[in-house]
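Okay, structure first, notes after.
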Amino acid sequence: MSAPLIPFGKPLLDQAEIDAVVAVLSGTVLVHGPITHEFEQRFAARIGAKHAVSVSSCTAALHLSLFANSIGPGDLVVVPAMTHVATAHAAEFCGARPVFVDVAADTGNLDPAALASAMSPAVRTVMPVHYLGLPCDMEAISGICERNGAFIVEDCALAIDADYDGRKVGTFGLTGCFSFYPIKHITSIEGGMVTTDDPAVAIAIRQRRAFGYDRTVGERTRPGIYDVTVLGYNYRMNEVEAAVGLAQLKKLDAFQGARATNFARLREALVGIDELTVFAPRKGKATSSHYCLNAVLPRDGSIDRDAVVARLNAAGIGTSVHYPCAVPMTSYYREKYGYKTGQFPVSEWLAAQTISLPIGPHLSERDMLRIGAAFKDAVHTSRAQ
Ligand SMILES: Cc1ncc(COP(=O)(O)O)c(C=O)c1O
């Protein structure tokens, strides 16, 4: 009998989420309701931000963070070359131009020195992405942005609870943007959250996530009567999603503990593979939220990543890649802006040679040992060929 499959990610949903969803569906309020409000309040408290605004995805959160702060044509937005395309797309949606910056070879995070040389008066926003949960060097990045009059939008899609100098990510920028996609630290099925300490920014984002209405449903004195004072989208989170998210938030402590333990076990199980780079879960003032363990193979391609992945998958171990293409090397950005292979060497190396290994709370110590052994075997076999 073959060993059971170890999926890369698996949402852990039980009767708590089912009961919460059934309660919403048994009522009359499916949007604009109290559950969404409660989820926002509790999320803000968890992160240590003054405000949290729920939205339909992290992509919507990133877009609204730029849109509500008047980013538009002629503006430049700094984006790390190694991220999900959503970060760069947010700038494109606004008609602004993303300026890609390579990442540091020991963390995959925005490199402050590279950022400093990319700054110019046209750069209005910088979007640090906390790669796989490890916070960027927010002290250096904040200093550079302050000196250059740019504001920060943090992409915290994989970094809920990640800590920098005793503060959680999502509290360093003008906004922080989170994702609740099914295999993130917590899920609301699809969903996202914007955190901010600035009340005016919170209001601007709330208005623009709902068509630009001048008053919410609860604020309307005559039902159905409103004015529209700005352009806005339909980026709301609904009550069912919020109910799932809220139930998940209550489990977050347990989930995070399991992730940290699994990360440490798997890291230990991988010791001794000379060719392997595993980014440390702590760097300076930063502590990771342990989204996955990224195993990075040599730059010289002496071990073929895709062959290792194929062997792991054949052994029943699910993997992922973050991210399979440096964003400026995707066809859309390459064709639009003329980027050439070799311009972002670290990001391109990661895209070609990183493997994301599972450490989620759905997995046990035995699973970690199994992944470690299978990884060693896959690298050994690939090396031998
Ligand atoms: C760094 C980063 N930003 C943004 C996103 C987009 O998140 P969502 O699917 O919630 O829009 C992702 C998705 O994985 C991501 O990894």
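Residue numbers start at 1 in each chain; chains themselves are named A, B, ... in the order of the structure tokens; ligands are numbered from 1 in the order shown.
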
Could you list the protein, DNA and RNA residues that have any atom within 9 Å of ligand 1, counting only C-alpha atoms and all ligand atoms, and write them as a VMD selection string?
chain A and resid 56 to 62 82 to 87 129 to 132 155 to 159 177 to 184 190 to 193 322 to 323

With C-alpha atoms kept, could you save the residues just selected as an mmCIF file, in the first residue's frame?
```cif
data_model
loop_
_atom_site.group_PDB
_atom_site.id
_atom_site.type_symbol
_atom_site.label_atom_id
_atom_site.label_comp_id
_atom_site.auth_asym_id
_atom_site.auth_seq_id
_atom_site.Cartn_x
_atom_site.Cartn_y
_atom_site.Cartn_z
ATOM 1 C CA SER A 56 -12.630 40.159 -1.487
ATOM 2 C CA SER A 57 -8.928 39.202 -1.859
ATOM 3 C CA CYS A 58 -5.413 40.378 -1.149
ATOM 4 C CA THR A 59 -5.252 41.511 -4.779
ATOM 5 C CA ALA A 60 -8.200 43.822 -4.066
ATOM 6 C CA ALA A 61 -6.442 45.002 -0.879
ATOM 7 C CA LEU A 62 -3.278 45.882 -2.809
ATOM 8 C CA MET A 82 10.264 37.956 -6.768
ATOM 9 C CA THR A 83 6.624 38.073 -5.747
ATOM 10 C CA HIS A 84 3.182 37.004 -6.860
ATOM 11 C CA VAL A 85 2.067 38.934 -9.946
ATOM 12 C CA ALA A 86 -0.766 40.432 -7.882
ATOM 13 C CA THR A 87 1.672 42.901 -6.276
ATOM 14 C CA VAL A 129 6.591 41.711 0.131
ATOM 15 C CA HIS A 130 7.388 39.607 3.189
ATOM 16 C CA TYR A 131 8.612 36.632 1.191
ATOM 17 C CA LEU A 132 7.125 33.367 2.469
ATOM 18 C CA ASP A 155 2.185 42.822 0.940
ATOM 19 C CA CYS A 156 1.548 40.491 3.901
ATOM 20 C CA ALA A 157 -0.257 37.808 1.871
ATOM 21 C CA LEU A 158 1.927 35.049 3.371
ATOM 22 C CA ALA A 159 2.952 36.818 6.554
ATOM 23 C CA CYS A 177 -2.547 43.700 2.790
ATOM 24 C CA PHE A 178 -3.459 40.131 3.805
ATOM 25 C CA SER A 179 -4.819 37.085 1.962
ATOM 26 C CA PHE A 180 -7.268 34.431 3.137
ATOM 27 C CA TYR A 181 -7.038 32.206 0.072
ATOM 28 C CA PRO A 182 -7.753 28.539 1.022
ATOM 29 C CA ILE A 183 -4.176 27.443 1.724
ATOM 30 C CA LYS A 184 -2.970 30.572 3.503
ATOM 31 C CA GLU A 190 -11.397 33.892 -0.903
ATOM 32 C CA GLY A 191 -10.796 37.100 0.978
ATOM 33 C CA GLY A 192 -8.390 39.752 2.110
ATOM 34 C CA MET A 193 -7.882 42.503 4.658
ATOM 35 C CA HIS A 322 7.008 30.655 -4.912
ATOM 36 C CA TYR A 323 7.106 31.977 -7.497
#
```

Need the shell around segment 333-350 of chain A: protein/DNA/RNA residues with any atom at most 9 Å away, counting only C-alpha atoms. Skip same-chain ones fewer than 4 positions apart. Format as a compact mmCIF listing (two decimals) with N, CA and C atoms, in the first residue's frame?
```txt
# COMPACT_ATOMS: atom_id res chain seq x y z
N PRO A 80 9.17 44.20 -5.60
CA PRO A 80 10.25 43.21 -5.75
C PRO A 80 9.99 42.33 -6.97
N ALA A 81 11.07 41.94 -7.63
CA ALA A 81 10.91 41.10 -8.83
C ALA A 81 10.44 39.70 -8.46
N MET A 82 10.71 39.28 -7.22
CA MET A 82 10.26 37.96 -6.77
C MET A 82 9.04 38.12 -5.88
N THR A 83 7.88 38.00 -6.48
CA THR A 83 6.62 38.07 -5.75
C THR A 83 5.55 37.44 -6.61
N PHE A 100 10.68 47.23 -11.00
CA PHE A 100 11.09 45.99 -10.33
C PHE A 100 12.50 46.11 -9.77
N VAL A 101 12.66 45.56 -8.55
CA VAL A 101 13.94 45.59 -7.87
C VAL A 101 14.27 44.16 -7.47
N ASP A 102 15.52 43.77 -7.64
CA ASP A 102 15.90 42.39 -7.30
C ASP A 102 15.88 42.20 -5.78
N VAL A 103 15.84 40.94 -5.36
CA VAL A 103 15.72 40.63 -3.92
C VAL A 103 17.06 40.14 -3.37
N ALA A 104 17.16 40.12 -2.04
CA ALA A 104 18.40 39.68 -1.38
C ALA A 104 18.53 38.16 -1.47
N ALA A 105 19.77 37.70 -1.68
CA ALA A 105 20.00 36.26 -1.92
C ALA A 105 19.84 35.43 -0.65
N GLY A 108 15.26 36.44 0.04
CA GLY A 108 14.22 36.60 -0.99
C GLY A 108 13.42 37.87 -0.80
N VAL A 296 16.09 25.80 -1.54
CA VAL A 296 16.60 26.42 -2.77
C VAL A 296 17.82 25.66 -3.25
N LEU A 297 17.77 25.23 -4.49
CA LEU A 297 18.84 24.43 -5.10
C LEU A 297 19.86 25.35 -5.76
N PRO A 298 21.05 24.78 -6.07
CA PRO A 298 22.14 25.66 -6.53
C PRO A 298 21.83 26.47 -7.79
N ARG A 299 22.47 27.64 -7.85
CA ARG A 299 22.29 28.53 -8.99
C ARG A 299 22.79 27.92 -10.29
N ASP A 300 23.83 27.08 -10.16
CA ASP A 300 24.44 26.55 -11.39
C ASP A 300 23.59 25.48 -12.06
N HIS A 322 7.26 29.22 -5.13
CA HIS A 322 7.01 30.66 -4.91
C HIS A 322 8.24 31.44 -5.34
N TYR A 323 8.19 32.00 -6.51
CA TYR A 323 7.11 31.98 -7.50
C TYR A 323 7.73 31.48 -8.78
N PRO A 324 6.99 30.89 -9.68
CA PRO A 324 7.62 30.17 -10.80
C PRO A 324 8.27 31.06 -11.84
N CYS A 325 8.07 32.35 -11.74
CA CYS A 325 8.66 33.27 -12.72
C CYS A 325 8.92 34.60 -12.00
N ALA A 326 10.12 35.16 -12.17
CA ALA A 326 10.32 36.52 -11.67
C ALA A 326 9.29 37.38 -12.41
N VAL A 327 8.60 38.26 -11.70
CA VAL A 327 7.45 38.94 -12.35
C VAL A 327 7.85 39.67 -13.64
N PRO A 328 9.00 40.39 -13.68
CA PRO A 328 9.33 41.06 -14.95
C PRO A 328 9.65 40.09 -16.08
N MET A 329 9.82 38.80 -15.76
CA MET A 329 10.10 37.80 -16.79
C MET A 329 8.81 37.12 -17.29
N THR A 354 13.77 27.18 -6.63
CA THR A 354 13.19 27.02 -5.29
C THR A 354 12.05 25.99 -5.30
N ILE A 355 11.92 25.30 -4.19
CA ILE A 355 10.80 24.37 -3.99
C ILE A 355 10.18 24.69 -2.64
```

Neighbouring residues of Pro358 of chain A were defined as those with any atom within 7 Å, considering only C-alpha atoms; residues of the same chain fewer than 4 positions away were excluded. Please report them as a PyMOL selection string.
chain A and resi 8-9+292-293+319

Selected residues written out, C-alpha atoms, as a short mmCIF file (atom, residue, chain, number, x, y, z; two decimals), in the first residue's frame:
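The result, written out as part.cif:
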```cif
data_model
loop_
_atom_site.label_atom_id
_atom_site.label_comp_id
_atom_site.auth_asym_id
_atom_site.auth_seq_id
_atom_site.Cartn_x
_atom_site.Cartn_y
_atom_site.Cartn_z
CA PHE A 8 1.18 21.15 0.19
CA GLY A 9 -1.70 23.00 1.80
CA CYS A 292 6.41 26.97 4.07
CA LEU A 293 10.00 25.77 4.00
CA THR A 319 5.00 20.88 -3.27
#
```

Identify all residues of segment 59-287 of chain A in alpha helix (DSSP H) (DSSP on the backbone) and supply them as number ranges by chain.
A: 59-67, 85-93, 112-118, 138-148, 199-208, 239-249, 252-269

DSSP strand (DSSP E or B) residues within segment 2-77 of chain A, as a PyMOL selection string
chain A and resi 6+51-55+76-77

Nearby residues (only C-alpha atoms) at most 7 Å from Leu266 of chain A, same-chain spacing under 5 positions excluded, as number ranges by chain
A: 368-369, 372

Restrict the selected residues to N, CA and C atoms and save them as a PDB file, in the first residue's frame.
```pdb
ATOM      1  N   MET A 368       6.883  15.273   8.547  1.00  0.00           N
ATOM      2  CA  MET A 368       8.112  16.053   8.340  1.00  0.00           C
ATOM      3  C   MET A 368       9.300  15.119   8.088  1.00  0.00           C
ATOM      4  N   LEU A 369       9.341  14.034   8.853  1.00  0.00           N
ATOM      5  CA  LEU A 369      10.442  13.073   8.669  1.00  0.00           C
ATOM      6  C   LEU A 369      10.360  12.436   7.289  1.00  0.00           C
ATOM      7  N   GLY A 372      11.511  14.980   4.728  1.00  0.00           N
ATOM      8  CA  GLY A 372      12.969  15.123   4.799  1.00  0.00           C
ATOM      9  C   GLY A 372      13.672  13.958   4.105  1.00  0.00           C
TER      10      GLY A 372
END
```

Could you list, as a VMD selection string, every residue within 10 Å of segment 195-210 of chain A, counting only C-alpha atoms and ignoring same-chain residues fewer than 6 positions away?
chain A and resid 40 43 to 44 47 to 56 60 to 61 63 to 69 153 to 154 169 to 178 216 228 to 237

Minimum-distance residue to Leu276 of chain A, chosen among A:Val309, A:Leu110, A:Val379, A:Val123 (using only C-alpha atoms):
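Ranked by minimum distance to Leu276 of chain A, first place goes to A:Val379.
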
With only C-alpha atoms as the counted atoms, please give the residues lying no more than 7 Å from Glu239 of chain A, apart from itself and same-chain residues fewer than 3 positions off, as a ChimeraX atom specification.
/A:24,30-31,33,35-36,242-243

Could the residues in this selection be written to a file with C-alpha atoms, as an mmCIF file, in the first residue's frame?
```cif
data_model
loop_
_atom_site.group_PDB
_atom_site.id
_atom_site.type_symbol
_atom_site.label_atom_id
_atom_site.label_comp_id
_atom_site.auth_asym_id
_atom_site.auth_seq_id
_atom_site.Cartn_x
_atom_site.Cartn_y
_atom_site.Cartn_z
ATOM 1 C CA VAL A 24 -25.287 33.152 8.325
ATOM 2 C CA LEU A 30 -25.440 38.065 3.567
ATOM 3 C CA VAL A 31 -23.410 41.232 3.014
ATOM 4 C CA GLY A 33 -23.426 42.514 8.182
ATOM 5 C CA ILE A 35 -19.889 39.179 11.133
ATOM 6 C CA THR A 36 -17.766 41.111 8.666
ATOM 7 C CA ALA A 242 -16.310 36.545 7.126
ATOM 8 C CA ALA A 243 -17.905 33.778 9.233
#
```

Nearest residue to Thr261 of chain A out of A:Lys376, A:His89, A:Arg167, A:His290, using only C-alpha atoms?
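The shortest atom-to-atom distance to Thr261 of chain A comes from A:His290.
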
Choose the residue, out of A:Arg259, A:Arg265, A:Arg222, A:His37, that has the smallest atom-to-atom separation from Asp161 of chain A; count only C-alpha atoms.
A:Arg259

May I have the residues within 7 Å of Ala286 of chain A as a ChimeraX atom specification, using only C-alpha atoms and disregarding those fewer than 4 positions away in the same chain?
/A:134-135,163-165,282

Next, dump the selected residues to file, keeping only C-alpha atoms, as a short mmCIF file (atom, residue, chain, number, x, y, z; two decimals), in the first residue's frame.
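Result file out31.cif:
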```cif
data_model
loop_
_atom_site.label_atom_id
_atom_site.label_comp_id
_atom_site.auth_asym_id
_atom_site.auth_seq_id
_atom_site.Cartn_x
_atom_site.Cartn_y
_atom_site.Cartn_z
CA LEU A 134 9.82 36.51 6.73
CA PRO A 135 9.49 40.27 7.34
CA ASP A 163 7.09 39.88 13.68
CA TYR A 164 9.61 42.64 13.12
CA ASP A 165 11.19 44.14 16.22
CA ARG A 282 14.94 34.69 11.70
#
```

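When atom CA of Ala113 of chain A is paired with atom CA of Arg97 of chain A, their separation reads 20.7 Å.
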